[in-house]
$ cat my_file_6.cif   # mmCIF, C-alpha atoms
data_my_file
loop_
_atom_site.label_atom_id
_atom_site.label_comp_id
_atom_site.auth_asym_id
_atom_site.auth_seq_id
_atom_site.Cartn_x
_atom_site.Cartn_y
_atom_site.Cartn_z
CA MET A 682 -181.39 -46.35 -179.85
CA VAL A 683 -177.61 -46.01 -180.29
CA GLU A 684 -177.34 -49.76 -180.93
CA ILE A 685 -180.05 -49.59 -183.58
CA LEU A 686 -178.27 -46.68 -185.26
CA ASP A 687 -174.96 -48.57 -185.19
CA LYS A 688 -176.60 -51.62 -186.80
CA LEU A 689 -178.19 -49.43 -189.46
CA GLN A 690 -174.82 -47.85 -190.25
CA ASP A 691 -173.30 -51.34 -190.49
CA VAL A 692 -176.00 -52.32 -193.00
CA LEU A 693 -175.51 -49.15 -195.06
CA GLY A 694 -171.74 -49.73 -195.03
CA PHE A 695 -172.00 -53.48 -195.88
CA ARG A 696 -169.85 -54.20 -192.82
CA HIS A 697 -171.30 -57.65 -192.19
CA CYS A 698 -170.55 -58.85 -195.71
CA THR A 699 -167.61 -61.24 -196.08
CA ASN A 700 -167.55 -61.40 -199.86
CA PRO A 701 -165.11 -58.69 -201.08
CA VAL A 702 -167.42 -57.96 -204.01
CA PHE A 703 -169.72 -56.38 -201.41
CA SER A 704 -167.49 -55.65 -198.39
CA ASN A 705 -164.86 -53.73 -200.38
CA GLU A 706 -165.85 -50.17 -201.30
CA LEU A 707 -164.40 -50.82 -204.78
CA GLY A 708 -166.50 -53.97 -205.22
CA VAL A 709 -168.84 -53.85 -208.20
CA GLY A 710 -171.47 -55.81 -206.28
CA ARG A 711 -171.71 -53.16 -203.60
CA THR A 712 -172.00 -50.41 -206.18
CA ALA A 713 -174.66 -52.37 -208.08
CA VAL A 714 -176.78 -53.01 -204.97
CA ILE A 715 -176.74 -49.36 -203.88
CA ALA A 716 -177.50 -48.09 -207.40
CA THR A 717 -180.34 -50.61 -207.83
CA LEU A 718 -181.97 -49.73 -204.50
CA LEU A 719 -181.68 -45.99 -205.14
CA GLY A 720 -183.09 -46.45 -208.65
CA PHE A 721 -186.01 -48.49 -207.31
CA ILE A 722 -186.84 -45.90 -204.63
CA LEU A 723 -186.64 -43.10 -207.20
CA GLY A 724 -188.83 -44.94 -209.70
CA LEU A 725 -191.42 -45.79 -207.05
CA HIS A 726 -191.76 -42.21 -205.82
CA LEU A 727 -191.79 -40.76 -209.34
CA THR A 728 -194.66 -43.12 -210.12
CA LEU A 729 -196.49 -42.01 -206.99
CA LEU A 730 -195.87 -38.37 -207.97
CA VAL A 731 -197.47 -38.90 -211.35
CA GLY A 732 -200.39 -40.74 -209.75
CA LEU A 733 -200.97 -37.96 -207.21
CA ALA A 734 -200.71 -35.31 -209.94
CA VAL A 735 -203.30 -37.10 -212.09
CA TYR A 736 -205.62 -37.58 -209.12
CA SER A 737 -205.36 -33.93 -208.02
CA SER A 738 -206.10 -32.74 -211.55
CA ASP A 739 -209.46 -34.48 -211.39
CA ASN A 740 -210.22 -33.68 -207.75
CA GLU A 741 -209.73 -30.75 -205.40
CA SER A 742 -206.38 -31.06 -203.64
CA SER A 743 -206.60 -31.73 -199.90
CA LEU A 744 -203.89 -30.79 -197.41
CA SER A 745 -203.02 -34.45 -196.92
CA GLY A 746 -202.70 -34.85 -200.70
CA ILE A 747 -200.36 -31.84 -200.87
CA LEU A 748 -198.21 -33.27 -198.07
CA LEU A 749 -197.98 -36.67 -199.78
CA PHE A 750 -196.98 -34.94 -203.01
CA GLN A 751 -194.28 -33.01 -201.13
CA TRP A 752 -193.04 -36.20 -199.47
CA CYS A 753 -192.55 -37.84 -202.87
CA ILE A 754 -190.62 -34.79 -204.09
CA HIS A 755 -188.54 -34.90 -200.90
CA VAL A 756 -187.57 -38.54 -201.43
CA CYS A 757 -186.83 -37.97 -205.13
CA VAL A 758 -184.46 -35.06 -204.53
CA ILE A 759 -182.58 -36.99 -201.83
CA VAL A 760 -182.15 -40.04 -204.07
CA ILE A 761 -181.09 -37.84 -207.00
CA PHE A 762 -178.52 -36.20 -204.71
CA HIS A 763 -176.94 -39.54 -203.83
CA LEU A 764 -176.96 -40.73 -207.44
CA LEU A 765 -175.38 -37.50 -208.65
CA GLU A 766 -172.68 -37.71 -205.96
CA PHE A 767 -171.56 -41.00 -207.50
CA PHE A 768 -172.00 -40.18 -211.19
CA VAL A 769 -170.46 -36.71 -211.02
CA THR A 770 -167.49 -38.10 -209.06
CA ALA A 771 -167.12 -40.84 -211.67
CA TYR A 772 -167.20 -38.23 -214.43
CA CYS A 773 -164.84 -35.67 -212.95
CA ASN A 774 -162.44 -37.83 -210.90
CA SER A 775 -162.75 -41.50 -211.78
CA THR A 776 -159.57 -42.36 -209.86
CA VAL A 777 -161.32 -41.93 -206.50
CA VAL A 778 -164.84 -43.16 -207.32
CA SER A 779 -166.15 -46.09 -205.28
CA ALA A 780 -169.35 -47.30 -203.64
CA THR A 781 -168.73 -44.75 -200.87
CA SER A 782 -169.15 -42.00 -203.48
CA PHE A 783 -172.92 -42.49 -203.12
CA VAL A 784 -172.38 -41.13 -199.54
CA VAL A 785 -175.36 -43.12 -198.26
CA ASP A 786 -173.44 -44.11 -195.13
CA GLN A 787 -171.48 -40.89 -194.70
CA SER A 788 -172.10 -40.50 -190.93
CA LYS A 789 -174.35 -41.37 -188.00
CA SER A 790 -175.35 -37.72 -187.81
CA TYR A 791 -176.65 -37.77 -191.39
CA THR A 792 -178.56 -41.01 -190.83
CA THR A 793 -180.05 -39.65 -187.59
CA ALA A 794 -181.11 -36.44 -189.35
CA MET A 795 -182.88 -38.42 -192.07
CA ILE A 796 -184.71 -40.55 -189.50
CA VAL A 797 -185.76 -37.56 -187.38
CA SER A 798 -187.03 -35.55 -190.36
CA SER A 799 -189.00 -38.55 -191.65
CA LEU A 800 -190.55 -39.12 -188.21
CA GLU A 801 -191.47 -35.44 -187.98
CA PHE A 802 -193.20 -35.55 -191.34
CA TRP A 803 -195.20 -38.72 -190.70
CA LEU A 804 -196.17 -37.67 -187.17
CA LYS A 805 -197.44 -34.42 -188.64
CA PHE A 806 -199.30 -36.34 -191.36
CA GLY A 807 -200.87 -38.65 -188.76
CA PHE A 808 -201.94 -35.80 -186.48
CA LEU A 809 -203.39 -34.02 -189.51
CA GLN A 810 -206.14 -36.61 -189.62
CA VAL A 811 -207.04 -35.77 -185.99
CA PHE A 812 -206.32 -32.06 -185.52
CA GLY A 813 -206.63 -30.82 -189.08
CA GLU A 814 -204.65 -27.89 -190.48
CA LEU A 815 -203.46 -26.81 -187.03
CA VAL A 816 -200.53 -29.26 -187.22
CA VAL A 817 -199.10 -27.59 -190.35
CA ILE A 818 -197.27 -24.65 -188.76
CA LEU A 819 -195.33 -23.42 -191.79
CA PRO A 820 -197.15 -21.64 -194.65
CA LEU A 821 -197.74 -23.88 -197.66
CA SER A 822 -196.00 -21.32 -199.87
CA LEU A 823 -192.68 -22.17 -198.20
CA ARG A 824 -192.60 -25.46 -200.09
CA TRP A 825 -191.82 -23.43 -203.22
CA VAL A 826 -188.93 -21.76 -201.41
CA GLY A 827 -187.77 -25.24 -200.46
CA LEU A 828 -187.87 -26.41 -204.06
CA PHE A 829 -185.87 -23.37 -205.15
CA LEU A 830 -183.21 -24.04 -202.50
CA VAL A 831 -183.07 -27.74 -203.40
CA PHE A 832 -182.62 -27.22 -207.14
CA THR A 833 -180.27 -24.25 -206.75
CA GLY A 834 -178.21 -25.98 -204.09
CA GLN A 835 -177.92 -29.18 -206.12
CA ALA A 836 -176.92 -27.24 -209.23
CA ILE A 837 -174.24 -25.28 -207.36
CA ARG A 838 -172.79 -28.45 -205.81
CA SER A 839 -172.75 -30.48 -209.03
CA ILE A 840 -171.26 -27.60 -211.04
CA ALA A 841 -168.60 -27.18 -208.34
CA MET A 842 -167.66 -30.86 -208.48
CA ILE A 843 -167.38 -30.82 -212.27
CA THR A 844 -165.42 -27.55 -212.27
CA CYS A 845 -163.03 -28.91 -209.65
CA GLY A 846 -162.38 -31.96 -211.86
CA SER A 847 -159.60 -34.26 -210.72
CA SER A 848 -158.96 -32.05 -207.68
CA PHE A 849 -162.38 -32.94 -206.22
CA ASN A 850 -162.57 -35.41 -203.36
CA HIS A 851 -165.18 -36.10 -200.69
CA LEU A 852 -162.36 -36.22 -198.12
CA ILE A 853 -160.07 -33.37 -197.09
CA GLN A 854 -156.66 -34.00 -198.64
CA ARG A 855 -154.08 -33.51 -195.90
CA LYS A 856 -151.20 -34.08 -198.32
CA LYS A 857 -150.92 -32.29 -201.64
CA LYS A 858 -150.89 -34.60 -204.66
CA GLU A 859 -148.80 -33.86 -207.74
CA ASP A 860 -151.90 -33.13 -209.85
CA HIS A 861 -153.65 -31.11 -207.11
CA VAL A 862 -154.19 -27.57 -208.38
CA LEU A 863 -155.98 -24.60 -206.86
CA VAL A 864 -159.21 -24.14 -208.83
CA THR A 865 -160.19 -20.47 -209.07
CA HIS A 866 -162.22 -20.29 -212.29
CA GLY A 867 -165.90 -20.75 -213.00
CA ILE A 868 -168.08 -20.96 -209.92
CA TYR A 869 -164.91 -20.98 -207.79
CA SER A 870 -164.31 -17.38 -208.80
CA ILE A 871 -167.45 -16.52 -206.77
CA PHE A 872 -167.54 -19.06 -203.94
CA ARG A 873 -164.39 -20.64 -202.56
CA HIS A 874 -166.36 -23.63 -201.21
CA PRO A 875 -169.28 -23.94 -203.66
CA SER A 876 -169.90 -27.64 -203.00
CA TYR A 877 -170.43 -26.81 -199.31
CA VAL A 878 -172.60 -23.81 -200.16
CA GLY A 879 -174.76 -25.99 -202.41
CA TRP A 880 -175.15 -28.71 -199.78
CA PHE A 881 -175.93 -26.23 -197.01
CA TYR A 882 -178.88 -24.66 -198.83
CA TRP A 883 -179.95 -27.99 -200.37
CA SER A 884 -180.26 -29.57 -196.92
CA ILE A 885 -182.43 -26.72 -195.62
CA GLY A 886 -184.54 -26.87 -198.78
CA THR A 887 -185.32 -30.57 -198.31
CA GLN A 888 -187.02 -29.78 -195.00
CA LEU A 889 -188.94 -26.78 -196.31
CA VAL A 890 -190.25 -29.03 -199.08
CA CYS A 891 -191.72 -31.26 -196.34
CA LEU A 892 -192.86 -28.24 -194.29
CA ASN A 893 -190.96 -29.61 -191.27
CA PRO A 894 -190.45 -26.67 -188.86
CA PHE A 895 -188.25 -28.50 -186.33
CA SER A 896 -186.06 -30.24 -188.91
CA THR A 897 -185.67 -27.05 -190.96
CA ILE A 898 -184.13 -25.31 -187.94
CA ALA A 899 -182.18 -28.40 -186.88
CA TYR A 900 -180.76 -29.01 -190.37
CA ALA A 901 -179.77 -25.36 -190.72
CA PHE A 902 -177.94 -25.34 -187.40
CA ALA A 903 -176.35 -28.78 -187.79
CA SER A 904 -175.12 -28.00 -191.30
CA TRP A 905 -173.81 -24.60 -190.24
CA TYR A 906 -172.02 -26.04 -187.21
CA PHE A 907 -170.46 -28.83 -189.29
CA PHE A 908 -169.06 -26.35 -191.82
CA LYS A 909 -167.98 -23.98 -189.03
CA GLN A 910 -165.69 -26.80 -187.89
CA ARG A 911 -164.68 -28.10 -191.30
CA ILE A 912 -164.06 -24.98 -193.38
CA PRO A 913 -161.43 -23.29 -191.15
CA TYR A 914 -159.55 -26.61 -190.92
CA GLU A 915 -159.74 -27.14 -194.68
CA GLU A 916 -158.61 -23.58 -195.36
CA LYS A 917 -155.66 -24.08 -193.03
CA THR A 918 -154.78 -27.23 -195.01
CA LEU A 919 -155.15 -25.45 -198.34
CA THR A 920 -153.01 -22.58 -197.10
CA SER A 921 -150.27 -25.07 -196.25
CA HIS A 922 -150.60 -26.52 -199.78
CA PHE A 923 -150.73 -23.28 -201.77
CA GLY A 924 -149.40 -20.60 -199.42
CA GLU A 925 -149.86 -16.97 -200.45
CA GLU A 926 -151.78 -17.99 -203.57
CA TYR A 927 -154.60 -19.29 -201.38
CA THR A 928 -154.65 -16.40 -198.92
CA GLU A 929 -155.00 -13.99 -201.86
CA TYR A 930 -157.77 -16.18 -203.29
CA ILE A 931 -159.64 -15.97 -199.95
CA GLU A 932 -159.76 -12.19 -200.20
CA LYS A 933 -161.32 -12.30 -203.67
CA THR A 934 -164.12 -14.79 -202.99
CA TRP A 935 -167.25 -15.21 -200.87
CA LEU A 936 -167.73 -18.04 -198.39
CA GLY A 937 -171.49 -18.18 -199.05
CA ILE A 938 -172.49 -19.59 -195.64
CA PRO A 939 -173.30 -16.94 -193.00
CA PHE A 940 -171.47 -16.42 -189.70
CA ILE A 941 -168.47 -18.63 -190.39
CA PRO A 942 -165.07 -17.08 -189.56
CA HIS A 943 -163.40 -15.38 -192.52
CA GLY A 944 -160.62 -17.48 -193.97
CA SER A 945 -158.22 -14.55 -194.14
CA ASN A 946 -157.55 -15.18 -190.46
CA VAL A 947 -155.97 -18.52 -191.34
CA LYS A 948 -152.22 -18.40 -190.95
CA HIS A 949 -149.70 -20.33 -192.95
CA SER A 950 -148.26 -23.28 -191.04
#

$ encode --input "my_file_6.cif" --output "structure tokens"
Amino acid sequence: MVEILDKLQDVLGFRHCTNPVFSNELGVGRTAVIATLLGFILGLHLTLLVGLAVYSSDNESSLSGILLFQWCIHVCVIVIFHLLEFFVTAYCNSTVVSATSFVVDQSKSYTTAMIVSSLEFWLKFGFLQVFGELVVILPLSLRWVGLFLVFTGQAIRSIAMITCGSSFNHLIQRKKKEDHVLVTHGIYSIFRHPSYVGWFYWSIGTQLVCLNPFSTIAYAFASWYFFKQRIPYEEKTLTSHFGEEYTEYIEKTWLGIPFIPHGSNVKHS
């Protein structure tokens, strides 16, 4: 299983390509292939959404039809997320944009999570034909909560990236650049890590949309644990960049993700 995952990551990262147009993250060929595939997947599932909507308007919606409709929404919001990661980065900080800005190969953990959640959904859909409604543990109404979290989370993240402008980067900047400024206006006057807040609730929402009980819990914990490790380290780095200015900023803003240590405990180093 680990070997299969490694090979999949190699494919997503174009690591077997020898032509620099595809192997280099700045290669236009690599960007074009990823954008084309994402666009095709989005178009296909939008078409299926319309077809399912038309069919359900003429017929009584079955549980299997509702689940298929939710699956199409699930795929669409994930593809839109990856497309927006690239386009918003290109808009707000074109100096760092590359094929990796699509973040389709961001980590093995992310790829594993996508595979597990997809398996959970389709196993549930398959068992539905045998055991009926008993396999759908979560209330159908939770899919609306999921949609709210998805759209709200995506909006918060995209707004944060645009507000951050040239200071935004998908990677933690260990060294302060000359044009790196502490952004404290707009959405950053409320949340000090709004892009993380957006992603955290977006990720949970994607699983509620699919009514996946296991993956909803797993995504919530995995996302929380990731940010529990990342945020204190990033705040320590930002404190070293901006000193007292950042520690004062911490006291005025909300982290937005529960049960993560308060950044005011971070000491200047």

$ residues_near_point --input "my_file_6.cif" --point "(-194.6, -38.2, -192.3)" --cutoff "12 Å" --atoms "only C-alpha atoms" --output "number ranges by chain"
A: 745, 748-753, 755-756, 795-810, 816-817, 888, 891-893

$ atom_distance --input "my_file_6.cif" --atom1 "atom CA of A:Leu727" --atom2 "atom CA of A:Pro894"
24.9 Å

$ residues_around --input "my_file_6.cif" --residues "stretch 704-721 of chain A" --least-positions-apart "4" --cutoff "10 Å" --atoms "only C-alpha atoms" --output "list in words"
Leu693, Gly694, Phe695, Arg696, His697, Cys698, Thr699, Asn700, Leu725, His726, Leu727, Cys757, Ile759, Val760, Ile761, His763, Leu764, Phe767, Val777, Val778, Ser779, Ala780, Thr781, Ser782, Phe783 and Val785 of chain A

$ atom_distance --input "my_file_6.cif" --atom1 "atom CA of A:Tyr877" --atom2 "atom CA of A:Phe908"
7.6 Å

$ atom_distance --input "my_file_6.cif" --atom1 "atom CA of A:Tyr927" --atom2 "atom CA of A:Gly846"
18.2 Å

$ residues_around --input "my_file_6.cif" --residues "A:Cys845" --least-positions-apart "4" --cutoff "7 Å" --atoms "all atoms listed in the file" --output "ChimeraX atom specification"
/A:841,849,864

$ residues_around --input "my_file_6.cif" --residues "A:Ala734" --least-positions-apart "2" --cutoff "12 Å" --atoms "only C-alpha atoms" --output "PyMOL selection string"
chain A and resi 727-732+736-742+746-747+749-751+753-754

$ resolve_selection --input "my_file_6.cif" --expression "the PyMOL selection byres ((chain A and resi 848) around 10)" --output "PDB file with C-alpha atoms, in the frame of the given file"
ATOM      1  CA  CYS A 773    -164.840 -35.670-212.950  1.00  0.00           C
ATOM      2  CA  ASN A 774    -162.440 -37.830-210.900  1.00  0.00           C
ATOM      3  CA  MET A 842    -167.660 -30.860-208.480  1.00  0.00           C
ATOM      4  CA  ILE A 843    -167.380 -30.820-212.270  1.00  0.00           C
ATOM      5  CA  THR A 844    -165.420 -27.550-212.270  1.00  0.00           C
ATOM      6  CA  CYS A 845    -163.030 -28.910-209.650  1.00  0.00           C
ATOM      7  CA  GLY A 846    -162.380 -31.960-211.860  1.00  0.00           C
ATOM      8  CA  SER A 847    -159.600 -34.260-210.720  1.00  0.00           C
ATOM      9  CA  PHE A 849    -162.380 -32.940-206.220  1.00  0.00           C
ATOM     10  CA  ASN A 850    -162.570 -35.410-203.360  1.00  0.00           C
ATOM     11  CA  GLN A 854    -156.660 -34.000-198.640  1.00  0.00           C
ATOM     12  CA  LYS A 858    -150.890 -34.600-204.660  1.00  0.00           C
ATOM     13  CA  ASP A 860    -151.900 -33.130-209.850  1.00  0.00           C
ATOM     14  CA  HIS A 861    -153.650 -31.110-207.110  1.00  0.00           C
ATOM     15  CA  VAL A 862    -154.190 -27.570-208.380  1.00  0.00           C
ATOM     16  CA  LEU A 863    -155.980 -24.600-206.860  1.00  0.00           C
ATOM     17  CA  VAL A 864    -159.210 -24.140-208.830  1.00  0.00           C
TER      18      VAL A 864
END

$ axis_aligned_box --input "my_file_6.cif" --around "stretch 789-801 of chain A" --padding-each-side "6 Å" --output "JSON"
{"center_x": -182.9, "center_y": -38.4, "center_z": -189.7, "size_x": 29.1, "size_y": 17.9, "size_z": 16.7}

$ closest_residue --input "my_file_6.cif" --among "A:Tyr914, A:Ile938, A:Lys933, A:Leu815" --to "A:Pro875" --atoms "only C-alpha atoms"
A:Ile938

$ closest_residue --input "my_file_6.cif" --among "A:Gln835, A:Val683, A:Leu744, A:Leu889" --to "A:Gly813" --atoms "only C-alpha atoms"
A:Leu744

$ decode --input "my_file_6.cif" --residues "stretch 909-921 of chain A" --atoms "all heavy atoms" --output "mmCIF file, in the first residue's frame"
data_model
loop_
_atom_site.group_PDB
_atom_site.id
_atom_site.type_symbol
_atom_site.label_atom_id
_atom_site.label_comp_id
_atom_site.auth_asym_id
_atom_site.auth_seq_id
_atom_site.Cartn_x
_atom_site.Cartn_y
_atom_site.Cartn_z
ATOM 1 N N LYS A 909 -1.937 22.222 14.974
ATOM 2 C CA LYS A 909 -1.390 22.276 16.325
ATOM 3 C C LYS A 909 0.138 22.245 16.275
ATOM 4 O O LYS A 909 0.820 22.858 17.112
ATOM 5 C CB LYS A 909 -1.914 21.110 17.149
ATOM 6 C CG LYS A 909 -1.424 21.095 18.603
ATOM 7 C CD LYS A 909 -2.036 19.932 19.357
ATOM 8 C CE LYS A 909 -1.555 19.907 20.808
ATOM 9 N NZ LYS A 909 -0.121 19.562 20.908
ATOM 10 N N GLN A 910 0.671 21.531 15.270
ATOM 11 C CA GLN A 910 2.120 21.482 15.092
ATOM 12 C C GLN A 910 2.638 22.697 14.328
ATOM 13 O O GLN A 910 3.695 23.251 14.650
ATOM 14 C CB GLN A 910 2.504 20.204 14.315
ATOM 15 C CG GLN A 910 2.028 18.907 14.931
ATOM 16 C CD GLN A 910 2.577 18.681 16.331
ATOM 17 O OE1 GLN A 910 3.782 18.795 16.562
ATOM 18 N NE2 GLN A 910 1.694 18.380 17.278
ATOM 19 N N ARG A 911 1.898 23.118 13.336
ATOM 20 C CA ARG A 911 2.386 24.154 12.422
ATOM 21 C C ARG A 911 2.271 25.567 12.986
ATOM 22 O O ARG A 911 3.192 26.377 12.865
ATOM 23 C CB ARG A 911 1.615 24.068 11.094
ATOM 24 C CG ARG A 911 2.108 25.045 10.022
ATOM 25 C CD ARG A 911 1.274 24.906 8.763
ATOM 26 N NE ARG A 911 1.689 25.845 7.723
ATOM 27 C CZ ARG A 911 2.451 25.529 6.680
ATOM 28 N NH1 ARG A 911 2.914 24.292 6.567
ATOM 29 N NH2 ARG A 911 2.762 26.440 5.773
ATOM 30 N N ILE A 912 1.120 25.874 13.599
ATOM 31 C CA ILE A 912 0.866 27.255 14.021
ATOM 32 C C ILE A 912 1.850 27.745 15.081
ATOM 33 O O ILE A 912 2.399 28.845 14.939
ATOM 34 C CB ILE A 912 -0.603 27.423 14.473
ATOM 35 C CG1 ILE A 912 -1.519 27.397 13.247
ATOM 36 C CG2 ILE A 912 -0.794 28.722 15.248
ATOM 37 C CD1 ILE A 912 -2.999 27.426 13.551
ATOM 38 N N PRO A 913 2.117 26.987 16.158
ATOM 39 C CA PRO A 913 3.105 27.478 17.133
ATOM 40 C C PRO A 913 4.481 27.719 16.505
ATOM 41 O O PRO A 913 5.161 28.698 16.840
ATOM 42 C CB PRO A 913 3.155 26.351 18.173
ATOM 43 C CG PRO A 913 1.812 25.714 18.088
ATOM 44 C CD PRO A 913 1.469 25.757 16.635
ATOM 45 N N TYR A 914 4.882 26.824 15.583
ATOM 46 C CA TYR A 914 6.181 26.999 14.913
ATOM 47 C C TYR A 914 6.174 28.256 14.052
ATOM 48 O O TYR A 914 7.124 29.047 14.058
ATOM 49 C CB TYR A 914 6.498 25.776 14.053
ATOM 50 C CG TYR A 914 7.766 25.935 13.240
ATOM 51 C CD1 TYR A 914 9.015 25.799 13.831
ATOM 52 C CD2 TYR A 914 7.707 26.245 11.880
ATOM 53 C CE1 TYR A 914 10.182 25.960 13.097
ATOM 54 C CE2 TYR A 914 8.860 26.417 11.141
ATOM 55 C CZ TYR A 914 10.098 26.261 11.748
ATOM 56 O OH TYR A 914 11.245 26.435 11.022
ATOM 57 N N GLU A 915 5.072 28.447 13.313
ATOM 58 C CA GLU A 915 4.981 29.633 12.452
ATOM 59 C C GLU A 915 4.944 30.908 13.284
ATOM 60 O O GLU A 915 5.551 31.918 12.916
ATOM 61 C CB GLU A 915 3.742 29.540 11.563
ATOM 62 C CG GLU A 915 3.615 30.701 10.599
ATOM 63 C CD GLU A 915 2.573 30.475 9.528
ATOM 64 O OE1 GLU A 915 2.229 29.317 9.244
ATOM 65 O OE2 GLU A 915 2.100 31.483 8.945
ATOM 66 N N GLU A 916 4.251 30.867 14.415
ATOM 67 C CA GLU A 916 4.184 32.064 15.255
ATOM 68 C C GLU A 916 5.540 32.375 15.895
ATOM 69 O O GLU A 916 5.886 33.539 16.088
ATOM 70 C CB GLU A 916 3.095 31.893 16.315
ATOM 71 C CG GLU A 916 1.705 31.854 15.689
ATOM 72 C CD GLU A 916 0.582 32.104 16.684
ATOM 73 O OE1 GLU A 916 0.780 31.825 17.877
ATOM 74 O OE2 GLU A 916 -0.482 32.573 16.252
ATOM 75 N N LYS A 917 6.303 31.327 16.179
ATOM 76 C CA LYS A 917 7.657 31.545 16.682
ATOM 77 C C LYS A 917 8.513 32.220 15.603
ATOM 78 O O LYS A 917 9.286 33.148 15.886
ATOM 79 C CB LYS A 917 8.288 30.221 17.098
ATOM 80 C CG LYS A 917 9.683 30.354 17.690
ATOM 81 C CD LYS A 917 10.212 29.004 18.133
ATOM 82 C CE LYS A 917 11.608 29.149 18.724
ATOM 83 N NZ LYS A 917 12.161 27.831 19.158
ATOM 84 N N THR A 918 8.337 31.755 14.345
ATOM 85 C CA THR A 918 9.070 32.346 13.227
ATOM 86 C C THR A 918 8.664 33.799 13.004
ATOM 87 O O THR A 918 9.517 34.676 12.822
ATOM 88 C CB THR A 918 8.812 31.534 11.933
ATOM 89 O OG1 THR A 918 9.180 30.177 12.144
ATOM 90 C CG2 THR A 918 9.615 32.103 10.771
ATOM 91 N N LEU A 919 7.370 34.066 13.052
ATOM 92 C CA LEU A 919 6.882 35.430 12.855
ATOM 93 C C LEU A 919 7.312 36.355 13.992
ATOM 94 O O LEU A 919 7.571 37.548 13.773
ATOM 95 C CB LEU A 919 5.354 35.430 12.720
ATOM 96 C CG LEU A 919 4.815 34.830 11.418
ATOM 97 C CD1 LEU A 919 3.316 34.603 11.505
ATOM 98 C CD2 LEU A 919 5.139 35.751 10.238
ATOM 99 N N THR A 920 7.395 35.810 15.189
ATOM 100 C CA THR A 920 7.868 36.606 16.318
ATOM 101 C C THR A 920 9.330 37.000 16.119
ATOM 102 O O THR A 920 9.732 38.122 16.446
ATOM 103 C CB THR A 920 7.709 35.826 17.639
ATOM 104 O OG1 THR A 920 6.336 35.467 17.804
ATOM 105 C CG2 THR A 920 8.145 36.674 18.828
ATOM 106 N N SER A 921 10.107 36.067 15.545
ATOM 107 C CA SER A 921 11.514 36.391 15.285
ATOM 108 C C SER A 921 11.645 37.430 14.179
ATOM 109 O O SER A 921 12.596 38.213 14.153
ATOM 110 C CB SER A 921 12.286 35.122 14.904
ATOM 111 O OG SER A 921 11.897 34.644 13.629
#
